[in-house]
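For reference, structure.txt (compact mmCIF, C-alpha atoms):
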# COMPACT_ATOMS: atom_id res chain seq x y z
CA MET A 23 86.36 71.42 112.07
CA LEU A 24 89.78 70.26 110.85
CA THR A 25 92.72 72.35 112.11
CA VAL A 26 96.45 72.33 111.47
CA ASN A 27 99.33 71.16 113.64
CA GLY A 28 100.36 74.53 115.05
CA PRO A 29 103.60 73.47 116.76
CA ARG A 30 104.80 71.76 113.56
CA LEU A 31 104.13 74.92 111.55
CA TRP A 32 105.97 77.05 114.11
CA ASN A 33 108.95 74.68 114.09
CA SER A 34 109.09 74.87 110.30
CA LEU A 35 109.15 78.68 110.46
CA MET A 36 111.98 78.58 112.99
CA ASP A 37 113.93 76.03 110.93
CA MET A 38 113.58 78.17 107.79
CA ALA A 39 114.82 81.15 109.83
CA LYS A 40 118.14 79.32 110.27
CA VAL A 41 118.79 79.84 106.54
CA GLY A 42 120.42 83.23 106.03
CA PRO A 43 120.20 84.41 109.64
CA THR A 44 121.20 87.94 110.64
CA ALA A 45 122.93 89.04 113.83
CA ALA A 46 119.78 90.65 115.25
CA GLY A 47 117.58 87.59 114.79
CA GLY A 48 116.18 88.29 111.34
CA ASN A 49 116.94 86.93 107.90
CA CYS A 50 118.76 87.92 104.72
CA ARG A 51 117.82 85.77 101.73
CA LEU A 52 117.97 88.13 98.76
CA ALA A 53 116.22 86.83 95.66
CA LEU A 54 118.15 84.21 93.69
CA SER A 55 121.10 84.38 96.11
CA ALA A 56 122.78 81.32 97.57
CA GLU A 57 120.71 81.81 100.72
CA ASP A 58 117.47 82.03 98.73
CA PHE A 59 118.27 78.81 96.88
CA ALA A 60 119.15 77.15 100.19
CA GLY A 61 115.74 78.15 101.57
CA ARG A 62 114.04 76.81 98.47
CA ALA A 63 115.97 73.55 98.79
CA LEU A 64 114.83 73.11 102.38
CA PHE A 65 111.23 73.78 101.37
CA ALA A 66 111.53 71.35 98.46
CA ASP A 67 112.82 68.65 100.80
CA TRP A 68 109.83 69.14 103.09
CA CYS A 69 107.47 68.98 100.11
CA HIS A 70 109.00 65.74 98.88
CA GLN A 71 108.53 64.29 102.36
CA ALA A 72 104.86 65.32 102.14
CA GLY A 73 104.49 63.42 98.87
CA MET A 74 104.40 66.45 96.58
CA SER A 75 106.00 66.91 93.18
CA LEU A 76 107.95 70.07 92.35
CA ASP A 77 108.68 72.07 89.22
CA THR A 78 109.63 75.59 88.18
CA ASP A 79 108.85 77.96 85.34
CA ALA A 80 111.06 80.20 83.21
CA ILE A 81 111.32 82.98 85.80
CA GLY A 82 112.12 80.54 88.62
CA ASN A 83 108.74 80.47 90.35
CA LEU A 84 108.65 77.18 92.28
CA PHE A 85 105.46 75.09 92.48
CA ALA A 86 104.86 72.09 94.75
CA ARG A 87 101.83 69.99 93.72
CA ARG A 88 99.55 67.60 95.59
CA ALA A 89 97.36 65.58 93.25
CA GLY A 90 93.57 65.73 93.46
CA ARG A 91 90.86 63.29 92.45
CA ASP A 92 90.11 65.24 89.28
CA ARG A 93 93.25 65.13 87.18
CA GLN A 94 91.82 67.62 84.69
CA ALA A 95 90.90 70.28 87.25
CA ASN A 96 92.92 73.46 87.60
CA PRO A 97 94.81 73.68 90.92
CA VAL A 98 93.83 75.64 93.99
CA VAL A 99 97.07 77.46 94.79
CA MET A 100 98.46 78.75 98.08
CA GLY A 101 101.75 80.54 98.53
CA SER A 102 103.88 83.63 98.87
CA HIS A 103 107.68 84.05 98.82
CA LEU A 104 110.86 82.99 100.61
CA ASP A 105 113.13 85.90 99.65
CA THR A 106 113.61 88.66 102.23
CA GLN A 107 114.79 92.21 102.66
CA PRO A 108 118.54 92.66 103.36
CA ALA A 109 117.67 92.87 107.06
CA GLY A 110 114.26 91.26 107.00
CA GLY A 111 112.19 89.12 109.32
CA ARG A 112 111.22 85.49 109.76
CA PHE A 113 107.57 85.73 108.67
CA ASP A 114 107.10 88.15 105.75
CA GLY A 115 106.26 85.86 102.83
CA ILE A 116 107.66 82.80 104.55
CA TYR A 117 104.48 82.37 106.57
CA GLY A 118 102.31 82.10 103.45
CA VAL A 119 104.53 79.41 101.94
CA LEU A 120 104.85 77.32 105.09
CA ALA A 121 101.18 77.74 106.05
CA GLY A 122 100.42 76.22 102.65
CA LEU A 123 102.79 73.35 103.41
CA GLU A 124 101.12 72.83 106.78
CA VAL A 125 97.71 72.66 105.05
CA VAL A 126 99.03 69.81 102.92
CA ARG A 127 100.65 68.06 105.87
CA SER A 128 97.40 68.31 107.87
CA LEU A 129 95.38 66.92 104.97
CA ASN A 130 97.85 64.05 104.76
CA ASP A 131 97.46 63.40 108.49
CA ALA A 132 93.67 63.34 108.15
CA GLY A 133 93.75 61.15 105.03
CA ILE A 134 91.79 63.73 103.03
CA VAL A 135 92.09 63.83 99.25
CA THR A 136 90.85 67.02 97.61
CA ASP A 137 88.83 66.95 94.42
CA LYS A 138 90.99 69.63 92.80
CA PRO A 139 94.78 69.46 92.98
CA LEU A 140 96.57 71.76 95.40
CA GLU A 141 99.75 73.68 94.72
CA ILE A 142 102.07 75.83 96.81
CA ALA A 143 103.76 78.67 94.93
CA VAL A 144 107.09 80.27 95.86
CA TRP A 145 107.22 83.46 93.81
CA THR A 146 110.58 84.82 92.65
CA ASN A 147 111.84 88.21 93.88
CA GLU A 148 108.68 89.38 95.62
CA GLU A 149 110.57 91.83 97.80
CA GLY A 150 112.29 93.76 95.02
CA ALA A 151 115.26 94.24 97.35
CA ARG A 152 117.74 92.81 94.85
CA PHE A 153 115.92 93.18 91.53
CA THR A 154 113.38 95.89 90.68
CA PRO A 155 110.41 95.78 90.36
CA ALA A 156 109.04 93.97 93.37
CA MET A 157 106.75 90.98 92.76
CA LEU A 158 108.76 90.28 89.61
CA GLY A 159 108.10 86.54 89.43
CA SER A 160 104.34 86.81 89.74
CA ALA A 161 104.33 89.75 87.31
CA ALA A 162 106.09 87.64 84.69
CA PHE A 163 103.78 84.70 85.39
CA CYS A 164 100.64 86.82 84.95
CA GLY A 165 101.91 88.67 81.88
CA VAL A 166 102.17 92.03 83.66
CA LEU A 167 105.89 92.06 82.82
CA PRO A 168 107.29 90.42 79.64
CA LEU A 169 109.56 87.48 80.43
CA ALA A 170 112.47 88.92 78.43
CA THR A 171 112.21 92.19 80.35
CA ALA A 172 112.13 90.38 83.68
CA LEU A 173 115.14 88.23 82.82
CA ALA A 174 117.15 91.28 81.72
CA VAL A 175 116.72 93.15 85.01
CA GLU A 176 120.05 93.69 86.77
CA ASP A 177 120.94 94.14 90.42
CA MET A 178 123.30 96.83 91.76
CA GLN A 179 126.30 94.65 90.84
CA GLY A 180 125.16 94.30 87.22
CA ILE A 181 124.06 90.67 87.61
CA SER A 182 120.92 89.94 85.61
CA VAL A 183 117.99 87.81 86.72
CA ALA A 184 118.84 85.42 83.88
CA THR A 185 122.39 85.01 85.15
CA ALA A 186 121.33 84.57 88.77
CA LEU A 187 118.67 82.07 87.72
CA ALA A 188 120.98 79.94 85.55
CA GLY A 189 120.34 76.25 86.20
CA HIS A 190 117.25 76.90 88.32
CA ALA A 191 114.59 77.68 85.70
CA GLY A 192 112.10 75.07 84.54
CA ASN A 193 109.57 74.28 81.84
CA LEU A 194 106.23 74.94 83.51
CA PRO A 195 104.35 77.40 81.29
CA LEU A 196 103.81 80.93 82.46
CA GLY A 197 100.20 81.98 82.84
CA ARG A 198 98.79 78.49 83.14
CA PRO A 199 95.26 78.47 84.61
CA PHE A 200 94.59 78.33 88.35
CA ASP A 201 91.22 77.60 89.91
CA ALA A 202 91.96 80.07 92.72
CA TYR A 203 94.81 81.58 94.73
CA PHE A 204 94.93 82.05 98.53
CA GLU A 205 97.80 83.87 100.24
CA ALA A 206 98.24 83.94 104.01
CA HIS A 207 100.46 86.75 105.31
CA ILE A 208 101.35 88.78 108.35
CA GLU A 209 99.55 92.12 108.20
CA GLN A 210 102.81 94.16 108.28
CA GLY A 211 100.92 96.88 110.12
CA PRO A 212 99.30 97.49 113.53
CA ILE A 213 95.57 97.41 112.75
CA LEU A 214 94.73 93.83 113.78
CA GLU A 215 96.91 93.94 116.89
CA GLN A 216 95.36 97.21 118.04
CA ALA A 217 91.89 95.73 117.48
CA GLY A 218 92.82 92.58 119.41
CA LEU A 219 91.82 90.38 116.46
CA PRO A 220 93.73 87.33 115.17
CA ILE A 221 92.37 87.27 111.61
CA GLY A 222 91.96 89.82 108.85
CA VAL A 223 89.71 88.92 105.92
CA VAL A 224 91.42 90.80 103.11
CA THR A 225 89.02 92.36 100.63
CA GLY A 226 91.61 93.85 98.29
CA GLY A 227 94.81 95.81 97.91
CA GLN A 228 95.22 99.57 97.86
CA ALA A 229 96.54 101.53 94.91
CA ILE A 230 100.26 102.34 94.87
CA CYS A 231 102.00 105.07 92.87
CA TRP A 232 105.79 105.45 92.89
CA LEU A 233 107.34 108.68 91.64
CA ASP A 234 111.00 109.58 90.98
CA VAL A 235 111.81 113.24 91.55
CA LEU A 236 114.87 115.20 90.34
CA VAL A 237 115.32 118.72 91.73
CA THR A 238 117.85 120.80 89.76
CA GLY A 239 119.32 123.97 91.22
CA ARG A 240 122.85 125.36 90.89
CA PRO A 241 125.90 124.13 92.82
CA ALA A 242 127.96 126.89 94.36
CA HIS A 243 130.48 127.57 97.13
CA ALA A 244 129.03 127.31 100.63
CA GLY A 245 131.14 130.15 101.99
CA THR A 246 130.97 132.74 99.23
CA THR A 247 127.37 132.60 97.99
CA PRO A 248 124.85 134.79 99.86
CA MET A 249 121.69 133.00 100.93
CA ALA A 250 119.48 135.26 98.80
CA LEU A 251 121.40 134.33 95.66
CA ARG A 252 121.40 130.56 96.14
CA HIS A 253 119.48 127.93 94.16
CA ASP A 254 119.84 125.18 96.72
CA ALA A 255 118.32 121.93 95.50
CA LEU A 256 118.39 120.32 98.95
CA PHE A 257 116.56 123.13 100.72
CA ALA A 258 113.99 123.03 97.93
CA ALA A 259 113.62 119.25 98.25
CA SER A 260 113.27 119.65 102.03
CA ALA A 261 110.45 122.14 101.56
CA MET A 262 108.78 119.79 99.11
CA ILE A 263 109.00 116.86 101.48
CA GLY A 264 107.60 118.89 104.35
CA ARG A 265 104.61 119.92 102.27
CA LEU A 266 104.06 116.32 101.19
CA GLU A 267 103.40 115.42 104.81
CA GLN A 268 100.67 118.07 104.84
CA LEU A 269 99.25 116.66 101.60
CA ALA A 270 98.95 113.24 103.23
CA ALA A 271 96.94 114.79 106.07
CA ALA A 272 94.45 116.13 103.52
CA PHE A 273 93.72 112.56 102.41
CA SER A 274 93.56 111.11 105.94
CA PRO A 275 93.07 108.45 107.12
CA TYR A 276 93.61 106.33 103.99
CA GLY A 277 96.08 108.47 102.08
CA LEU A 278 99.73 107.58 102.73
CA VAL A 279 102.84 109.44 101.53
CA THR A 280 106.41 108.20 102.03
CA VAL A 281 109.78 109.56 100.92
CA GLY A 282 111.97 106.51 101.28
CA GLN A 283 115.12 107.47 99.38
CA LEU A 284 117.04 110.73 99.03
CA LEU A 285 120.29 111.14 97.11
CA ILE A 286 122.61 114.14 96.64
CA PRO A 287 124.79 113.28 93.61
CA GLY A 288 128.36 114.54 93.86
CA SER A 289 127.79 115.92 97.33
CA SER A 290 130.45 117.78 99.27
CA ARG A 291 130.47 119.30 102.75
CA ASN A 292 131.17 122.83 101.49
CA THR A 293 129.18 122.83 98.24
CA ILE A 294 125.58 123.96 97.86
CA PRO A 295 123.72 120.97 96.40
CA GLY A 296 122.76 121.48 92.77
CA LEU A 297 120.99 118.16 92.26
CA VAL A 298 118.79 116.13 94.58
CA ARG A 299 116.92 112.95 93.75
CA PHE A 300 114.19 111.49 95.94
CA THR A 301 111.40 108.97 95.71
CA ILE A 302 107.73 109.32 96.61
CA ASP A 303 105.42 106.43 97.49
CA LEU A 304 101.71 107.33 97.36
CA ARG A 305 99.01 104.92 98.53
CA HIS A 306 95.23 104.95 98.84
CA HIS A 307 92.54 102.27 98.63
CA GLN A 308 90.56 104.22 96.03
CA ASP A 309 91.83 104.84 92.48
CA ALA A 310 90.15 108.25 92.22
CA GLN A 311 91.82 109.41 95.40
CA ILE A 312 95.32 108.26 94.45
CA ALA A 313 94.89 110.00 91.10
CA ALA A 314 94.08 113.20 93.01
CA MET A 315 97.09 112.64 95.29
CA GLU A 316 99.42 112.26 92.31
CA ALA A 317 98.02 115.34 90.55
CA GLN A 318 98.33 117.47 93.69
CA THR A 319 101.85 116.16 94.31
CA ARG A 320 102.97 117.17 90.84
CA SER A 321 101.36 120.60 91.10
CA LEU A 322 102.82 121.24 94.55
CA LEU A 323 106.37 120.29 93.59
CA GLN A 324 106.27 122.36 90.40
CA GLN A 325 104.99 125.36 92.36
CA LEU A 326 107.68 125.13 95.04
CA ALA A 327 110.43 124.73 92.46
CA ALA A 328 109.24 127.77 90.53
CA GLU A 329 109.12 129.88 93.69
CA ARG A 330 112.82 129.13 94.30
CA GLY A 331 113.99 129.46 90.70
CA LEU A 332 114.73 125.76 90.31
CA THR A 333 113.39 123.03 88.07
CA VAL A 334 111.85 119.71 89.05
CA ASP A 335 111.36 116.61 86.94
CA ILE A 336 108.77 114.07 88.13
CA GLN A 337 108.58 110.63 86.54
CA ARG A 338 106.17 107.86 87.40
CA HIS A 339 108.27 104.82 88.27
CA TRP A 340 105.47 102.32 88.90
CA PHE A 341 101.72 102.23 89.40
CA SER A 342 99.42 99.52 90.73
CA ALA A 343 95.70 100.19 90.70
CA ALA A 344 93.47 99.34 93.64
CA THR A 345 92.68 95.64 93.43
CA PRO A 346 89.42 94.13 94.72
CA PHE A 347 89.69 90.45 95.59
CA ASP A 348 87.26 87.77 94.43
CA ARG A 349 83.88 87.70 96.20
CA ASP A 350 83.67 83.89 96.28
CA CYS A 351 87.21 83.46 97.65
CA ILE A 352 86.54 86.12 100.30
CA GLY A 353 83.33 84.25 101.08
CA ALA A 354 85.24 81.01 101.57
CA VAL A 355 87.57 82.72 104.04
CA ARG A 356 84.62 84.24 105.90
CA GLN A 357 82.85 80.87 106.04
CA ALA A 358 85.99 79.18 107.36
CA VAL A 359 86.78 81.79 110.02
CA THR A 360 83.14 81.86 111.16
CA ALA A 361 83.02 78.07 111.45
CA LEU A 362 86.19 78.17 113.54
CA GLY A 363 84.75 80.89 115.75
CA TYR A 364 87.83 83.11 115.43
CA PRO A 365 87.35 86.87 115.89
CA HIS A 366 88.04 88.76 112.67
CA GLN A 367 87.50 91.88 110.62
CA ASP A 368 87.65 92.95 106.99
CA ILE A 369 90.86 94.72 106.03
CA VAL A 370 92.46 96.21 102.92
CA SER A 371 96.08 95.29 102.23
CA GLY A 372 98.37 98.27 102.56
CA ALA A 373 101.40 96.49 101.11
CA GLY A 374 102.02 95.07 97.66
CA HIS A 375 101.77 91.28 97.43
CA ASP A 376 101.94 88.65 94.70
CA ALA A 377 98.19 88.24 95.26
CA ILE A 378 97.70 91.67 93.66
CA HIS A 379 99.03 90.31 90.36
CA LEU A 380 97.25 86.97 90.77
CA ALA A 381 93.91 88.76 91.22
CA ARG A 382 94.14 89.69 87.54
CA HIS A 383 94.76 86.06 86.63
CA CYS A 384 92.34 84.01 88.74
CA PRO A 385 89.95 84.30 91.72
CA THR A 386 92.16 85.46 94.59
CA THR A 387 92.14 86.59 98.18
CA MET A 388 94.39 86.85 101.24
CA ILE A 389 94.28 86.08 104.96
CA PHE A 390 96.10 88.35 107.42
CA ILE A 391 97.35 87.63 110.92
CA PRO A 392 98.79 90.25 113.30
CA CYS A 393 102.48 90.94 113.65
CA VAL A 394 103.87 92.24 116.91
CA GLU A 395 103.71 96.06 117.08
CA GLY A 396 102.98 96.08 113.35
CA ILE A 397 106.70 95.74 112.62
CA SER A 398 107.84 94.25 109.30
CA HIS A 399 110.78 94.61 106.89
CA ASN A 400 112.80 94.57 110.08
CA GLU A 401 114.86 91.97 111.93
CA ALA A 402 112.56 92.50 114.94
CA GLU A 403 109.54 91.29 112.93
CA ASN A 404 107.58 88.80 115.01
CA ALA A 405 104.25 86.97 115.23
CA LEU A 406 102.61 84.98 118.02
CA PRO A 407 102.41 81.19 117.70
CA GLN A 408 98.65 81.13 118.33
CA ASP A 409 98.03 83.70 115.57
CA VAL A 410 100.27 81.76 113.20
CA SER A 411 98.25 78.61 113.88
CA MET A 412 94.84 80.29 113.64
CA GLY A 413 95.66 81.86 110.29
CA ALA A 414 96.69 78.49 108.91
CA ASP A 415 93.46 76.97 110.25
CA VAL A 416 91.48 79.54 108.26
CA LEU A 417 93.60 78.88 105.17
CA LEU A 418 92.94 75.15 105.50
CA GLY A 419 89.20 75.67 105.86
CA ALA A 420 88.96 78.07 102.91
CA VAL A 421 91.04 75.85 100.63
CA LEU A 422 88.97 72.79 101.50
CA LEU A 423 85.80 74.71 100.62
CA ARG A 424 87.27 75.69 97.26
CA ALA A 425 89.01 72.41 96.40
CA GLY A 426 86.53 69.94 97.90
CA GLY A 427 87.83 67.14 100.07
CA GLN A 428 86.97 63.76 101.49
CA PRO A 429 88.73 60.71 102.96
CA PRO A 430 90.01 58.22 100.37
CA GLY A 431 88.04 55.14 99.49

Since I need it in another form, could you write the structure as structure tokens?
Amino acid sequence: MLTVNGPRLWNSLMDMAKVGPTAAGGNCRLALSAEDFAGRALFADWCHQAGMSLDTDAIGNLFARRAGRDRQANPVVMGSHLDTQPAGGRFDGIYGVLAGLEVVRSLNDAGIVTDKPLEIAVWTNEEGARFTPAMLGSAAFCGVLPLATALAVEDMQGISVATALAGHAGNLPLGRPFDAYFEAHIEQGPILEQAGLPIGVVTGGQAICWLDVLVTGRPAHAGTTPMALRHDALFAASAMIGRLEQLAAAFSPYGLVTVGQLLIPGSSRNTIPGLVRFTIDLRHHQDAQIAAMEAQTRSLLQQLAAERGLTVDIQRHWFSAATPFDRDCIGAVRQAVTALGYPHQDIVSGAGHDAIHLARHCPTTMIFIPCVEGISHNEAENALPQDVSMGADVLLGAVLLRAGGQPPG
């Protein structure tokens, strides 16, 4: 069975890591920054060398195209993203893009022309580290987010997506039809590594619910207000957060609860906090269960606030339903990994990915490989060269099954 050139793929990953390097060996290429555009330019150069054409759409999603025998067929698309967290790693997103490039390079080496055209997508602002929401480019492409809304989003410095994108948008239509979408990615968790397996056949993505919480008490002097007379918003928030950990245990092992941000507006060392804001991230692979988690979260926080004589406001910031991937695309991945003889298991994606949006647009699935110690969104993020190569082999096999391929002539 045809396989990729593993060392070439690894070298490409290491060369891309030289764009926007961080002191601890990671990467910083925030979406639509100079570093992000430099990474895109390097990728574009490699694609031109591989004989591909390139174009962009109105939100800056970049597409590299390899022609197929059937000029009228919709493309089989691979891809992910090149933007990173402020202190991100060398593989998150980047692997899916460069594995797609290596598929094309390997097909070129073998002289294989696919029946359907192939494309590699670089989605804009997947991370959401500069512009919120995450997966903004694929959301605009799929119609989940109106283009005007996406372009108006501003970063912390007040720079809009439209301003940052100036001169880099193109004319490819949003929402154009795809035959299928395949995304290779590091797992970003420890499951595959702990199981000693190089490949995860991804069957879908879990539901995600983000909540914004505002706890309102009463600010007062830290030295003159007796404990019994206080309405301390921070102590209340602390009690809430502690109980949220217990709530997660009630939905074990699939229920996940994270408080990732906490802010005390106008804080002072000797003032009892009167306002506290924090975020809650709820996740579960079943919609019914995440609905129960959200309902119980709201009830719990309201109860704890009332017990302390405070108020709490809970707003849903974002929600993504559980997303099953396409049976035929999953089948192509299973057929490819079985033919290669690589050990594997089914897995549900715990993180949000562009593939979650694409699954509402066209037949979609993902391929996971392990990352060392499950670490991601971290400069220490790492993957093993053999896993990187094996994942790309599976991607190549699945794409060939979907796109059809044969030597020219």

Could you tell me which of A:Thr154, A:Gln94, A:Thr225, A:Ser274 comes closest to Ser182 (chain A) if we count all atoms listed in the file?
-> A:Thr154

Can you list every residue of region 60-136 of chain A that has an atom at most 9 Å from region 376-386 of chain A, with its nearest atom pair and the distance in Å to one decimal, using all atoms listed in the file, ordered by chain then number, as CSV?
residue,atom,partner,partner_atom,distance
A:Gly101,CA,A:Asp376,CA,9.0
A:Ser102,CA,A:Asp376,CA,6.8
A:His103,CA,A:Asp376,CA,8.4

Please provide the set of residues having any atom within 9 Å of Asp137 (chain A), restricted to only C-alpha atoms, with same-chain residues fewer than 5 positions apart removed, written as number ranges by chain.
-> A: 89-93, 95, 425-428

What separation in Å, quoted to one decimal, exists between CA of Gly353 (chain A) and CA of Gly226 (chain A)?
->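 It comes out at 13.0 Å.
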
CA of Leu423 (chain A) to CA of Glu124 (chain A), distance in Å rounded to a single decimal |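 Spanning CA of Leu423 (chain A) to CA of Glu124 (chain A) is a straight-line distance of 16.6 Å.
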
Near Ala310 (chain A), within 10 Å and counting only C-alpha atoms, which residues show up once chain neighbours fewer than 4 positions away are dropped, as a CSV table (one decimal) with C-alpha atoms, in the frame of the given file?
chain,number,residue,atom,x,y,z
A,229,ALA,CA,96.5,101.5,94.9
A,306,HIS,CA,95.2,105.0,98.8
A,314,ALA,CA,94.1,113.2,93.0
A,315,MET,CA,97.1,112.6,95.3
A,343,ALA,CA,95.7,100.2,90.7
A,344,ALA,CA,93.5,99.3,93.6

Given 5 Å on each side, where is the centre and what are the edge lengths in Å to one decimal of the axis-aligned box enclosing the listed atoms of region 29-47 of chain A, as AutoDock Vina command-line options?
--center_x 113.3 --center_y 81.2 --center_z 111.4 --size_x 29.3 --size_y 28.9 --size_z 20.7

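The spacing separating CA of Leu322 (chain A) from CA of Arg338 (chain A) amounts to 15.5 Å.
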
Nearby residues (only C-alpha atoms) at most 6 Å from region 50-58 of chain A, same-chain spacing under 4 positions excluded, as a list of chain:residue names = A:Gly42, A:Asp105, A:Thr106, A:Pro108, A:Ala109, A:Asn147, A:Ala186

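Within the 12 Å cut-off around Cys69 (chain A), using all atoms listed in the file and omitting residues fewer than 6 positions from it on the same chain, the listed residues are A:Ser34, A:Arg62, A:Ala63, A:Ser75, A:Leu76, A:Asp77, A:Leu84, A:Phe85, A:Ala86, A:Arg87, A:Arg88, A:Val119, A:Leu120, A:Gly122, A:Leu123, A:Glu124, A:Val125, A:Val126, A:Arg127, A:Asn130, A:Glu141, A:Ile142, A:Ala143.
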